[in-house]
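The block underneath contains the structure these notes are about, expressed in structure tokens.
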2 protein chains.
Amino acid sequence: MLNPVHLRTLVEVVKTGSFAEAARRLGYTSSAVSQQISAFERAVGVELFEREAHSIRPASAALLIADRGGELLAAFDGFEHEVKAMVQGLRGRLRIGTFPTASSRVVPKALAKLAADLPDAEIRLDEAEPEDVLPLVLTGELDLALVYAYDLVPQSWPEELTVLPLLDEALLVMVPSEHPAAKNNVRLEDLKDERWIASRDGTSGATCLTRLCAASGFAPRIAFRSNDYEVVQSLVAAGVGVALVPALGYKALPGTHAMPLRHKPLRRHVHVVHRTANTNPLLRDAVNALQEVCQNAVGGYINQP
Amino acid sequence: MLNPVHLRTLVEVVKTGSFAEAARRLGYTSSAVSQQISAFERAVGVELFEREAHSIRPASAALLIADRGGELLAAFDGFEHEVKAMVQGLRGRLRIGTFPTASSRVVPKALAKLAADLPDAEIRLDEAEPEDVLPLVLTGELDLALVYAYDLVPQSWPEELTVLPLLDEALLVMVPSEHPAAKNNVRLEDLKDERWIASRDGTSGATCLTRLCAASGFAPRIAFRSNDYEVVQSLVAAGVGVALVPALGYKALPGTHAMPLRHKPLRRHVHVVHRTANTNPLLRDAVNALQEVCQNAVGGYINQP
DNA sequence: ATTGAGCACCAGGTCAGCTTATGCTCGACG
DNA sequence: CGTCGAGCATAAGCTGACCTGGTGCTCAAT
């Protein structure tokens, strides 16, 4: 490989037209410059400067090399600055995994803040259920993920992960407005004969519902499943059934009524997780942004942990 | 400056996902790779790989650096190849100075040949009188020049220059067709009362004419001056006067007649000059092309030297 | 349990490349 | 026209970067 240090010296020599002057500017002795140029000439196999006692004259090859070489070195300098900036967290890439409800209610604001603070950072967002994103965080394909956990579905975290609580949200029972239960302080038992609209099988939302109902002595008749709480709520509004939705997913849809459970104020917990070993400098900023946004999101049935 | 060797190693490590494999491909020991990566991490101030006993995991910073760095290194490799090619004379820049007559009769063919052989070479052509181009050759602003010298105007060349003869051409006396001298073997004395059309004052063409006439005992009455032999010949055709033109500049214009001098077969000599010290690899090819073209141009009043 | 692979660390040796010193050449200047 | 200073080349010596080889650790596979 051509020695880039020698190339830089050559560029400076061509620019100044003198070994001595180039040496002064680069902080070398003129002897060092002379030796560097000689070495470079040996490397390319061509005389690049004609020497006279008191001056040098660049050969045309030297001019060409200095031209293109100068551009390259400038690019390299630019790269170096990029790296420095990246290290300071001003720039870089952050890959975030999130689950659907959070991605619409919490993440956008946090990302907006992050993007405003760090306009040159490249932020990528993937949306999936916690079971799917956790392995990605572990393998390093994601830097950060938002996950949730239901009270009744104990979740254990791999110990390489740092888990920070972000939000606590109530689980709300949602019924059509005209439903007799559409008054506060409903008991779950009152709903044992209802048709239920639940999250997809296997999700902890669905598991939670099953366990909750089991605790009240019945198994819910699940008529429809959807992971999209908008769809769930539309179905409730249409009178198809009742549902258990976390507060983050709740939108006061006309024709529906939502209330917390009377005796069992169940909650869903939202966490940020990342590998403890992850050194991505953007991580800190992203976590900060998320926490800040969550503070402001408190209200209704949503608390800070 | 970030160490480019380390950068190359880093890129290879990211590509292969392993210090050991990168070491094998780059011809290092894995210890060397480990040390290089450590040094690079120290240089940028960030941990770029998480080490485990049996594997490594690139941090996101490493991926970014490898991305951009890979491009840069590729560009640098490309540059190195360019330089190599240039050294082999396949590429490069050649600046040629020439005088008007030659530039229209000799140079185009030679350049065509040169351009065909070396499609990537960059060739620049400047047109001027020999007095003007020689200093440029000496300062290195031109690599090569075509110059002429008249028999009667002794020319001395600075000794740093290599001078190679290219062509010898007759000086032709040119008269209107109906002129009584329009028969071969005219003597200069026969034209002493004519009006002359000469090159501009100070050019060696004009000097030569003056000296030639002086040798025949008269001073030419110079009616018009032009360095453009096309113009000169048109003036002759129009009956304005007679002229002395070198064979290279002669075109058998209707209404004119040209012939060599009877007793004094004067000639103009065309040379290529370049600084002996000039190492431009294209020089050799250019000189060869010119000589070859000149061989084919022989005929009429034009000889090889 | 053993083996092998991957990585880190240490010690030692090599070599690139710097400085210092010296000499040469040429232009400037009294 | 000698003297001086500036610019470049070359030799010698030293330093530090970096590679190799060896050792030790960990983990996965057999």
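In the structure tokens, chains take the letters A, B, ... in the order shown, each chain's residues start at 1, and ligands count up from 1 in the order shown.
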
With all Cα atoms paired residue by residue, do a least-squares superposition of chain B on chain A and hand back the transformed coordinates as an mmCIF file with C-alpha atoms, in the first residue's frame.
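Once written, selection_20.cif looks like this:
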data_model
loop_
_atom_site.group_PDB
_atom_site.id
_atom_site.type_symbol
_atom_site.label_atom_id
_atom_site.label_comp_id
_atom_site.auth_asym_id
_atom_site.auth_seq_id
_atom_site.Cartn_x
_atom_site.Cartn_y
_atom_site.Cartn_z
ATOM 1 C CA MET B 1 0.159 0.148 0.070
ATOM 2 C CA LEU B 2 1.478 3.584 -0.757
ATOM 3 C CA ASN B 3 2.373 5.330 2.461
ATOM 4 C CA PRO B 4 -0.290 7.987 3.054
ATOM 5 C CA VAL B 5 2.020 9.999 5.266
ATOM 6 C CA HIS B 6 4.503 10.216 2.448
ATOM 7 C CA LEU B 7 1.691 11.134 0.115
ATOM 8 C CA ARG B 8 0.626 13.959 2.375
ATOM 9 C CA THR B 9 4.169 15.235 2.436
ATOM 10 C CA LEU B 10 4.358 15.013 -1.329
ATOM 11 C CA VAL B 11 1.177 17.015 -1.687
ATOM 12 C CA GLU B 12 2.564 19.674 0.600
ATOM 13 C CA VAL B 13 5.833 19.770 -1.296
ATOM 14 C CA VAL B 14 4.029 20.254 -4.581
ATOM 15 C CA LYS B 15 1.855 22.913 -3.001
ATOM 16 C CA THR B 16 4.743 24.880 -1.554
ATOM 17 C CA GLY B 17 7.300 24.061 -4.224
ATOM 18 C CA SER B 18 9.963 23.369 -1.635
ATOM 19 C CA PHE B 19 11.063 20.580 0.652
ATOM 20 C CA ALA B 20 12.117 23.038 3.333
ATOM 21 C CA GLU B 21 8.836 24.926 3.360
ATOM 22 C CA ALA B 22 6.802 21.724 3.377
ATOM 23 C CA ALA B 23 8.911 20.541 6.289
ATOM 24 C CA ARG B 24 8.218 23.720 8.236
ATOM 25 C CA ARG B 25 4.478 23.425 7.652
ATOM 26 C CA LEU B 26 4.321 19.759 8.542
ATOM 27 C CA GLY B 27 6.592 20.002 11.540
ATOM 28 C CA TYR B 28 9.391 17.922 10.103
ATOM 29 C CA THR B 29 13.009 18.641 9.423
ATOM 30 C CA SER B 30 13.811 19.129 5.780
ATOM 31 C CA SER B 31 15.886 15.995 5.993
ATOM 32 C CA ALA B 32 12.798 14.013 6.873
ATOM 33 C CA VAL B 33 10.931 15.421 3.912
ATOM 34 C CA SER B 34 13.801 14.598 1.615
ATOM 35 C CA GLN B 35 13.845 11.025 2.867
ATOM 36 C CA GLN B 36 10.088 10.676 2.619
ATOM 37 C CA ILE B 37 10.057 11.873 -0.956
ATOM 38 C CA SER B 38 12.905 9.530 -1.810
ATOM 39 C CA ALA B 39 11.013 6.645 -0.259
ATOM 40 C CA PHE B 40 7.873 7.556 -2.183
ATOM 41 C CA GLU B 41 9.844 7.750 -5.412
ATOM 42 C CA ARG B 42 11.310 4.356 -4.701
ATOM 43 C CA ALA B 43 7.809 3.030 -4.062
ATOM 44 C CA VAL B 44 6.354 4.251 -7.354
ATOM 45 C CA GLY B 45 9.566 3.708 -9.291
ATOM 46 C CA VAL B 46 9.765 7.137 -10.815
ATOM 47 C CA GLU B 47 11.646 10.323 -10.092
ATOM 48 C CA LEU B 48 9.042 12.802 -8.932
ATOM 49 C CA PHE B 49 11.196 15.874 -8.423
ATOM 50 C CA GLU B 50 14.257 17.098 -10.157
ATOM 51 C CA ARG B 51 16.678 18.348 -7.564
ATOM 52 C CA GLU B 52 18.914 21.271 -7.917
ATOM 53 C CA ALA B 53 21.147 22.650 -5.277
ATOM 54 C CA HIS B 54 18.738 25.344 -4.401
ATOM 55 C CA SER B 55 15.382 24.235 -5.625
ATOM 56 C CA ILE B 56 13.286 21.391 -6.871
ATOM 57 C CA ARG B 57 11.020 21.017 -9.841
ATOM 58 C CA PRO B 58 8.070 18.665 -9.729
ATOM 59 C CA ALA B 59 7.890 16.225 -12.611
ATOM 60 C CA SER B 60 4.511 15.987 -14.261
ATOM 61 C CA ALA B 61 3.901 12.691 -12.513
ATOM 62 C CA ALA B 62 4.275 14.463 -9.185
ATOM 63 C CA LEU B 63 1.659 17.014 -10.179
ATOM 64 C CA LEU B 64 -0.813 14.325 -11.124
ATOM 65 C CA ILE B 65 -0.181 12.330 -7.996
ATOM 66 C CA ALA B 66 -0.496 15.412 -5.841
ATOM 67 C CA ASP B 67 -3.760 16.323 -7.523
ATOM 68 C CA ARG B 68 -5.567 13.061 -7.010
ATOM 69 C CA GLY B 69 -3.733 12.305 -3.804
ATOM 70 C CA GLY B 70 -4.777 15.617 -2.342
ATOM 71 C CA GLU B 71 -8.410 14.775 -2.948
ATOM 72 C CA LEU B 72 -7.982 11.387 -1.364
ATOM 73 C CA LEU B 73 -6.296 12.787 1.701
ATOM 74 C CA ALA B 74 -9.036 15.369 2.034
ATOM 75 C CA ALA B 75 -11.607 12.590 1.865
ATOM 76 C CA PHE B 76 -9.697 10.713 4.497
ATOM 77 C CA ASP B 77 -9.623 13.757 6.742
ATOM 78 C CA GLY B 78 -13.349 14.135 6.267
ATOM 79 C CA PHE B 79 -13.837 10.536 7.214
ATOM 80 C CA GLU B 80 -11.791 11.053 10.330
ATOM 81 C CA HIS B 81 -13.997 13.952 11.331
ATOM 82 C CA GLU B 82 -17.090 11.881 10.695
ATOM 83 C CA VAL B 83 -15.757 9.205 12.964
ATOM 84 C CA LYS B 84 -14.971 11.738 15.649
ATOM 85 C CA ALA B 85 -18.447 13.194 15.369
ATOM 86 C CA MET B 86 -19.980 9.756 15.465
ATOM 87 C CA VAL B 87 -18.081 8.937 18.590
ATOM 88 C CA GLN B 88 -19.444 12.021 20.202
ATOM 89 C CA GLY B 89 -22.869 10.681 19.413
ATOM 90 C CA LEU B 90 -23.748 13.428 17.016
ATOM 91 C CA ARG B 91 -24.059 10.977 14.249
ATOM 92 C CA GLY B 92 -24.379 7.285 13.967
ATOM 93 C CA ARG B 93 -27.011 4.654 13.603
ATOM 94 C CA LEU B 94 -29.525 3.457 16.126
ATOM 95 C CA ARG B 95 -31.854 0.575 15.449
ATOM 96 C CA ILE B 96 -34.953 0.457 17.596
ATOM 97 C CA GLY B 97 -37.462 -2.315 17.969
ATOM 98 C CA THR B 98 -40.887 -1.591 19.346
ATOM 99 C CA PHE B 99 -44.355 -3.044 19.754
ATOM 100 C CA PRO B 100 -47.341 -1.592 17.919
ATOM 101 C CA THR B 101 -49.075 0.364 20.665
ATOM 102 C CA ALA B 102 -45.924 2.023 21.834
ATOM 103 C CA SER B 103 -44.766 2.752 18.371
ATOM 104 C CA SER B 104 -47.812 4.914 17.776
ATOM 105 C CA ARG B 105 -48.182 6.580 21.154
ATOM 106 C CA VAL B 106 -44.712 6.943 22.667
ATOM 107 C CA VAL B 107 -42.029 6.424 20.075
ATOM 108 C CA PRO B 108 -42.960 9.103 17.543
ATOM 109 C CA LYS B 109 -42.537 11.923 20.018
ATOM 110 C CA ALA B 110 -39.308 10.514 21.341
ATOM 111 C CA LEU B 111 -37.943 10.051 17.852
ATOM 112 C CA ALA B 112 -38.941 13.558 16.928
ATOM 113 C CA LYS B 113 -36.992 14.851 19.875
ATOM 114 C CA LEU B 114 -34.022 12.644 19.091
ATOM 115 C CA ALA B 115 -34.022 13.652 15.463
ATOM 116 C CA ALA B 116 -34.157 17.317 16.420
ATOM 117 C CA ASP B 117 -31.195 16.985 18.779
ATOM 118 C CA LEU B 118 -29.140 14.771 16.476
ATOM 119 C CA PRO B 119 -30.056 15.688 12.943
ATOM 120 C CA ASP B 120 -27.337 13.525 11.448
ATOM 121 C CA ALA B 121 -28.142 10.360 13.289
ATOM 122 C CA GLU B 122 -29.714 7.552 11.323
ATOM 123 C CA ILE B 123 -32.532 5.964 13.241
ATOM 124 C CA ARG B 124 -34.329 2.829 12.139
ATOM 125 C CA LEU B 125 -37.518 1.514 13.626
ATOM 126 C CA ASP B 126 -38.748 -2.067 13.541
ATOM 127 C CA GLU B 127 -42.116 -3.097 14.860
ATOM 128 C CA ALA B 128 -42.799 -6.489 16.383
ATOM 129 C CA GLU B 129 -43.934 -8.278 19.512
ATOM 130 C CA PRO B 130 -41.526 -8.487 22.451
ATOM 131 C CA GLU B 131 -40.843 -12.176 21.826
ATOM 132 C CA ASP B 132 -39.571 -11.304 18.401
ATOM 133 C CA VAL B 133 -37.506 -8.268 19.175
ATOM 134 C CA LEU B 134 -35.625 -9.598 22.182
ATOM 135 C CA PRO B 135 -33.502 -12.043 20.178
ATOM 136 C CA LEU B 136 -32.641 -9.242 17.797
ATOM 137 C CA VAL B 137 -31.464 -7.103 20.686
ATOM 138 C CA LEU B 138 -29.384 -9.989 21.929
ATOM 139 C CA THR B 139 -27.705 -10.583 18.612
ATOM 140 C CA GLY B 140 -26.987 -6.906 18.251
ATOM 141 C CA GLU B 141 -29.274 -6.394 15.257
ATOM 142 C CA LEU B 142 -31.224 -3.932 17.335
ATOM 143 C CA ASP B 143 -29.664 -1.474 19.721
ATOM 144 C CA LEU B 144 -32.757 -0.877 21.742
ATOM 145 C CA ALA B 145 -36.256 -2.197 22.113
ATOM 146 C CA LEU B 146 -39.469 -1.216 23.785
ATOM 147 C CA VAL B 147 -41.190 -4.178 25.353
ATOM 148 C CA TYR B 148 -44.171 -4.701 27.582
ATOM 149 C CA ALA B 149 -44.965 -7.134 30.338
ATOM 150 C CA TYR B 150 -48.299 -7.942 31.918
ATOM 151 C CA ASP B 151 -48.672 -8.280 35.626
ATOM 152 C CA LEU B 152 -49.965 -11.809 35.332
ATOM 153 C CA VAL B 153 -47.412 -12.985 32.795
ATOM 154 C CA PRO B 154 -44.071 -12.992 34.567
ATOM 155 C CA GLN B 155 -41.304 -12.044 32.217
ATOM 156 C CA SER B 156 -37.686 -12.828 32.765
ATOM 157 C CA TRP B 157 -34.982 -10.904 31.013
ATOM 158 C CA PRO B 158 -31.697 -12.360 29.852
ATOM 159 C CA GLU B 159 -29.071 -10.994 32.123
ATOM 160 C CA GLU B 160 -26.989 -9.361 29.390
ATOM 161 C CA LEU B 161 -29.870 -6.951 29.038
ATOM 162 C CA THR B 162 -30.418 -3.733 30.876
ATOM 163 C CA VAL B 163 -34.126 -3.200 31.468
ATOM 164 C CA LEU B 164 -35.401 0.232 32.378
ATOM 165 C CA PRO B 165 -39.058 0.832 33.286
ATOM 166 C CA LEU B 166 -40.683 3.464 31.179
ATOM 167 C CA LEU B 167 -44.394 3.473 31.929
ATOM 168 C CA ASP B 168 -47.103 1.705 33.874
ATOM 169 C CA GLU B 169 -50.495 1.590 32.322
ATOM 170 C CA ALA B 170 -53.812 0.305 33.564
ATOM 171 C CA LEU B 171 -55.606 -2.494 31.774
ATOM 172 C CA LEU B 172 -59.060 -1.247 30.937
ATOM 173 C CA VAL B 173 -62.160 -3.261 30.383
ATOM 174 C CA MET B 174 -63.917 -2.025 27.347
ATOM 175 C CA VAL B 175 -67.603 -2.563 26.665
ATOM 176 C CA PRO B 176 -70.164 -1.084 24.291
ATOM 177 C CA SER B 177 -71.707 2.125 25.722
ATOM 178 C CA GLU B 178 -75.140 0.579 26.084
ATOM 179 C CA HIS B 179 -73.773 -2.424 27.929
ATOM 180 C CA PRO B 180 -75.182 -2.753 31.464
ATOM 181 C CA ALA B 181 -71.621 -2.932 32.755
ATOM 182 C CA ALA B 182 -70.926 0.494 31.335
ATOM 183 C CA LYS B 183 -70.473 1.990 34.727
ATOM 184 C CA ASN B 184 -67.282 2.189 36.701
ATOM 185 C CA ASN B 185 -66.080 -0.458 39.090
ATOM 186 C CA VAL B 186 -67.155 -3.399 37.013
ATOM 187 C CA ARG B 187 -66.151 -6.802 38.307
ATOM 188 C CA LEU B 188 -64.701 -9.319 35.930
ATOM 189 C CA GLU B 189 -67.169 -11.952 37.012
ATOM 190 C CA ASP B 190 -69.922 -9.765 35.593
ATOM 191 C CA LEU B 191 -68.466 -10.371 32.164
ATOM 192 C CA LYS B 192 -68.034 -14.111 32.263
ATOM 193 C CA ASP B 193 -70.784 -14.737 29.736
ATOM 194 C CA GLU B 194 -69.634 -12.122 27.306
ATOM 195 C CA ARG B 195 -67.900 -12.768 24.045
ATOM 196 C CA TRP B 196 -64.332 -11.496 24.190
ATOM 197 C CA ILE B 197 -62.091 -9.856 21.693
ATOM 198 C CA ALA B 198 -58.492 -10.664 22.486
ATOM 199 C CA SER B 199 -55.001 -10.335 21.117
ATOM 200 C CA ARG B 200 -53.656 -13.146 19.069
ATOM 201 C CA ASP B 201 -53.037 -16.470 20.649
ATOM 202 C CA GLY B 202 -49.682 -16.720 22.343
ATOM 203 C CA THR B 203 -49.241 -13.008 22.959
ATOM 204 C CA SER B 204 -48.919 -12.111 26.579
ATOM 205 C CA GLY B 205 -51.980 -9.882 26.252
ATOM 206 C CA ALA B 206 -54.081 -12.922 25.462
ATOM 207 C CA THR B 207 -52.368 -14.997 28.140
ATOM 208 C CA CYS B 208 -53.037 -12.309 30.679
ATOM 209 C CA LEU B 209 -56.732 -12.215 29.839
ATOM 210 C CA THR B 210 -57.006 -15.977 30.159
ATOM 211 C CA ARG B 211 -55.264 -16.011 33.511
ATOM 212 C CA LEU B 212 -57.219 -13.087 34.789
ATOM 213 C CA CYS B 213 -60.496 -14.746 33.942
ATOM 214 C CA ALA B 214 -59.256 -18.037 35.345
ATOM 215 C CA ALA B 215 -58.613 -16.234 38.611
ATOM 216 C CA SER B 216 -62.246 -15.128 38.550
ATOM 217 C CA GLY B 217 -63.411 -18.645 37.848
ATOM 218 C CA PHE B 218 -64.215 -18.653 34.162
ATOM 219 C CA ALA B 219 -62.670 -19.052 30.794
ATOM 220 C CA PRO B 220 -63.393 -16.226 28.372
ATOM 221 C CA ARG B 221 -65.225 -17.049 25.201
ATOM 222 C CA ILE B 222 -62.949 -15.472 22.665
ATOM 223 C CA ALA B 223 -64.836 -14.488 19.577
ATOM 224 C CA PHE B 224 -62.218 -12.482 17.722
ATOM 225 C CA ARG B 225 -58.524 -11.930 17.896
ATOM 226 C CA SER B 226 -56.521 -8.986 16.685
ATOM 227 C CA ASN B 227 -53.267 -7.470 17.730
ATOM 228 C CA ASP B 228 -54.439 -4.112 16.497
ATOM 229 C CA TYR B 229 -56.209 -2.338 19.305
ATOM 230 C CA GLU B 230 -57.925 -0.040 16.853
ATOM 231 C CA VAL B 231 -59.608 -3.072 15.362
ATOM 232 C CA VAL B 232 -60.408 -4.472 18.783
ATOM 233 C CA GLN B 233 -62.078 -1.263 19.815
ATOM 234 C CA SER B 234 -64.046 -0.984 16.610
ATOM 235 C CA LEU B 235 -65.370 -4.470 17.244
ATOM 236 C CA VAL B 236 -66.384 -3.462 20.747
ATOM 237 C CA ALA B 237 -68.085 -0.353 19.411
ATOM 238 C CA ALA B 238 -69.954 -2.550 16.971
ATOM 239 C CA GLY B 239 -71.260 -4.563 19.894
ATOM 240 C CA VAL B 240 -69.401 -7.707 18.964
ATOM 241 C CA GLY B 241 -68.017 -8.205 22.444
ATOM 242 C CA VAL B 242 -65.914 -6.826 25.251
ATOM 243 C CA ALA B 243 -62.165 -6.522 25.572
ATOM 244 C CA LEU B 244 -59.288 -5.877 27.880
ATOM 245 C CA VAL B 245 -57.065 -3.152 26.499
ATOM 246 C CA PRO B 246 -54.023 -1.451 27.926
ATOM 247 C CA ALA B 247 -54.430 2.271 28.454
ATOM 248 C CA LEU B 248 -51.843 3.140 25.824
ATOM 249 C CA GLY B 249 -53.948 1.412 23.247
ATOM 250 C CA TYR B 250 -57.199 3.015 24.351
ATOM 251 C CA LYS B 251 -58.837 5.692 22.283
ATOM 252 C CA ALA B 252 -62.211 6.988 23.494
ATOM 253 C CA LEU B 253 -64.080 5.558 20.536
ATOM 254 C CA PRO B 254 -67.787 6.642 20.313
ATOM 255 C CA GLY B 255 -70.019 3.788 21.317
ATOM 256 C CA THR B 256 -67.545 2.338 23.758
ATOM 257 C CA HIS B 257 -66.885 2.700 27.425
ATOM 258 C CA ALA B 258 -63.688 1.808 29.226
ATOM 259 C CA MET B 259 -62.994 1.375 32.933
ATOM 260 C CA PRO B 260 -60.437 -0.186 35.204
ATOM 261 C CA LEU B 261 -61.199 -3.378 37.014
ATOM 262 C CA ARG B 262 -62.632 -2.874 40.453
ATOM 263 C CA HIS B 263 -60.774 -5.377 42.556
ATOM 264 C CA LYS B 264 -57.806 -6.236 40.493
ATOM 265 C CA PRO B 265 -56.198 -3.083 39.163
ATOM 266 C CA LEU B 266 -54.009 -4.964 36.712
ATOM 267 C CA ARG B 267 -51.298 -3.121 34.850
ATOM 268 C CA ARG B 268 -49.072 -3.499 31.885
ATOM 269 C CA HIS B 269 -45.505 -2.345 32.187
ATOM 270 C CA VAL B 270 -43.476 -0.822 29.387
ATOM 271 C CA HIS B 271 -39.705 -1.136 29.459
ATOM 272 C CA VAL B 272 -36.749 -0.145 27.354
ATOM 273 C CA VAL B 273 -34.198 -2.881 26.984
ATOM 274 C CA HIS B 274 -30.760 -2.889 25.511
ATOM 275 C CA ARG B 275 -27.709 -4.982 25.919
ATOM 276 C CA THR B 276 -25.687 -3.718 28.827
ATOM 277 C CA ALA B 277 -22.557 -4.102 26.738
ATOM 278 C CA ASN B 278 -23.889 -2.016 23.878
ATOM 279 C CA THR B 279 -21.652 1.005 23.522
ATOM 280 C CA ASN B 280 -23.608 2.832 20.865
ATOM 281 C CA PRO B 281 -23.323 6.428 21.991
ATOM 282 C CA LEU B 282 -26.811 7.218 20.755
ATOM 283 C CA LEU B 283 -28.234 4.761 23.240
ATOM 284 C CA ARG B 284 -28.054 7.157 26.139
ATOM 285 C CA ASP B 285 -29.738 9.913 24.191
ATOM 286 C CA ALA B 286 -32.476 7.626 22.957
ATOM 287 C CA VAL B 287 -33.236 6.339 26.439
ATOM 288 C CA ASN B 288 -33.285 9.873 27.767
ATOM 289 C CA ALA B 289 -35.646 10.997 25.045
ATOM 290 C CA LEU B 290 -37.996 8.108 25.731
ATOM 291 C CA GLN B 291 -38.051 8.742 29.445
ATOM 292 C CA GLU B 292 -38.698 12.403 28.943
ATOM 293 C CA VAL B 293 -41.558 11.785 26.559
ATOM 294 C CA CYS B 294 -43.052 9.240 28.936
ATOM 295 C CA GLN B 295 -43.022 11.711 31.768
ATOM 296 C CA ASN B 296 -45.172 14.001 29.682
ATOM 297 C CA ALA B 297 -47.430 11.136 28.649
ATOM 298 C CA VAL B 298 -48.481 10.499 32.229
ATOM 299 C CA GLY B 299 -52.178 11.042 32.849
ATOM 300 C CA GLY B 300 -55.411 9.120 32.496
ATOM 301 C CA TYR B 301 -54.619 5.560 33.335
ATOM 302 C CA ILE B 302 -50.960 5.917 32.631
ATOM 303 C CA ASN B 303 -48.432 6.414 35.420
ATOM 304 C CA GLN B 304 -44.750 6.506 35.769
ATOM 305 C CA PRO B 305 -43.371 3.327 37.223
#

Requested in this report: as a PyMOL selection string, list the residues of stretch 225-267 of chain A assigned to strand (DSSP E or B) by DSSP on the backbone atoms of this structure.
Outcome: chain A and resi 225+242-246+256-261+267

All heavy atoms of the current selection, written as a short mmCIF file (atom, residue, chain, number, x, y, z; two decimals), in the first residue's frame:
data_model
loop_
_atom_site.label_atom_id
_atom_site.label_comp_id
_atom_site.auth_asym_id
_atom_site.auth_seq_id
_atom_site.Cartn_x
_atom_site.Cartn_y
_atom_site.Cartn_z
N ARG A 225 -59.62 -12.23 17.29
CA ARG A 225 -58.28 -11.89 17.77
C ARG A 225 -57.66 -10.86 16.83
O ARG A 225 -57.73 -10.98 15.62
CB ARG A 225 -57.37 -13.13 17.77
CG ARG A 225 -57.71 -14.13 18.86
CD ARG A 225 -56.69 -15.26 18.83
NE ARG A 225 -57.02 -16.30 19.81
CZ ARG A 225 -56.71 -16.24 21.09
NH1 ARG A 225 -56.09 -15.17 21.56
NH2 ARG A 225 -57.04 -17.23 21.91
N VAL A 242 -66.49 -7.66 24.07
CA VAL A 242 -65.78 -6.78 25.00
C VAL A 242 -64.30 -7.12 24.92
O VAL A 242 -63.93 -8.15 24.36
CB VAL A 242 -66.29 -6.94 26.44
CG1 VAL A 242 -67.79 -6.64 26.49
CG2 VAL A 242 -65.99 -8.35 26.95
N ALA A 243 -63.49 -6.25 25.52
CA ALA A 243 -62.05 -6.48 25.38
C ALA A 243 -61.33 -5.91 26.59
O ALA A 243 -61.86 -5.08 27.33
CB ALA A 243 -61.51 -5.84 24.11
N LEU A 244 -60.10 -6.40 26.73
CA LEU A 244 -59.22 -5.86 27.77
C LEU A 244 -58.10 -5.15 27.01
O LEU A 244 -57.35 -5.79 26.27
CB LEU A 244 -58.66 -7.02 28.60
CG LEU A 244 -57.96 -6.68 29.91
CD1 LEU A 244 -58.97 -6.14 30.91
CD2 LEU A 244 -57.28 -7.93 30.46
N VAL A 245 -58.00 -3.83 27.18
CA VAL A 245 -56.96 -3.12 26.42
C VAL A 245 -56.10 -2.31 27.37
O VAL A 245 -56.62 -1.73 28.33
CB VAL A 245 -57.58 -2.18 25.35
CG1 VAL A 245 -58.41 -2.96 24.37
CG2 VAL A 245 -58.39 -1.07 25.99
N PRO A 246 -54.84 -2.26 27.10
CA PRO A 246 -53.97 -1.42 27.92
C PRO A 246 -54.22 0.05 27.59
O PRO A 246 -54.59 0.39 26.47
CB PRO A 246 -52.56 -1.84 27.50
CG PRO A 246 -52.72 -2.49 26.17
CD PRO A 246 -54.11 -3.01 26.07
N THR A 256 -68.05 3.30 22.59
CA THR A 256 -67.38 2.39 23.50
C THR A 256 -67.25 3.05 24.86
O THR A 256 -67.29 4.28 24.98
CB THR A 256 -65.96 2.02 23.03
OG1 THR A 256 -65.16 3.20 23.07
CG2 THR A 256 -65.97 1.46 21.61
N HIS A 257 -67.05 2.20 25.85
CA HIS A 257 -66.80 2.72 27.18
C HIS A 257 -65.69 1.89 27.79
O HIS A 257 -65.65 0.67 27.64
CB HIS A 257 -68.05 2.63 28.05
CG HIS A 257 -67.86 3.23 29.40
ND1 HIS A 257 -67.84 4.59 29.61
CD2 HIS A 257 -67.64 2.67 30.62
CE1 HIS A 257 -67.63 4.84 30.88
NE2 HIS A 257 -67.50 3.67 31.53
N ALA A 258 -64.76 2.57 28.47
CA ALA A 258 -63.63 1.85 29.04
C ALA A 258 -63.52 2.16 30.51
O ALA A 258 -63.77 3.30 30.93
CB ALA A 258 -62.34 2.24 28.34
N MET A 259 -63.12 1.18 31.30
CA MET A 259 -62.99 1.41 32.74
C MET A 259 -62.01 0.41 33.31
O MET A 259 -61.83 -0.68 32.76
CB MET A 259 -64.34 1.24 33.43
CG MET A 259 -64.88 -0.17 33.19
SD MET A 259 -66.67 -0.19 32.96
CE MET A 259 -66.84 -1.30 31.59
N PRO A 260 -61.38 0.79 34.40
CA PRO A 260 -60.48 -0.18 35.03
C PRO A 260 -61.27 -1.24 35.78
O PRO A 260 -62.45 -1.05 36.06
CB PRO A 260 -59.67 0.70 36.00
CG PRO A 260 -60.55 1.87 36.28
CD PRO A 260 -61.39 2.10 35.06
N LEU A 261 -60.58 -2.32 36.06
CA LEU A 261 -61.23 -3.38 36.82
C LEU A 261 -61.37 -2.94 38.28
O LEU A 261 -60.49 -2.28 38.83
CB LEU A 261 -60.40 -4.66 36.76
CG LEU A 261 -60.41 -5.34 35.39
CD1 LEU A 261 -59.32 -6.40 35.33
CD2 LEU A 261 -61.79 -5.94 35.13
N ARG A 267 -52.09 -4.10 35.64
CA ARG A 267 -51.34 -3.11 34.86
C ARG A 267 -50.44 -3.79 33.84
O ARG A 267 -50.09 -4.96 33.96
CB ARG A 267 -50.48 -2.24 35.79
CG ARG A 267 -51.33 -1.55 36.89
CD ARG A 267 -50.56 -0.52 37.64
NE ARG A 267 -50.36 0.69 36.87
CZ ARG A 267 -51.33 1.60 36.65
NH1 ARG A 267 -52.56 1.42 37.11
NH2 ARG A 267 -51.06 2.67 35.94
#
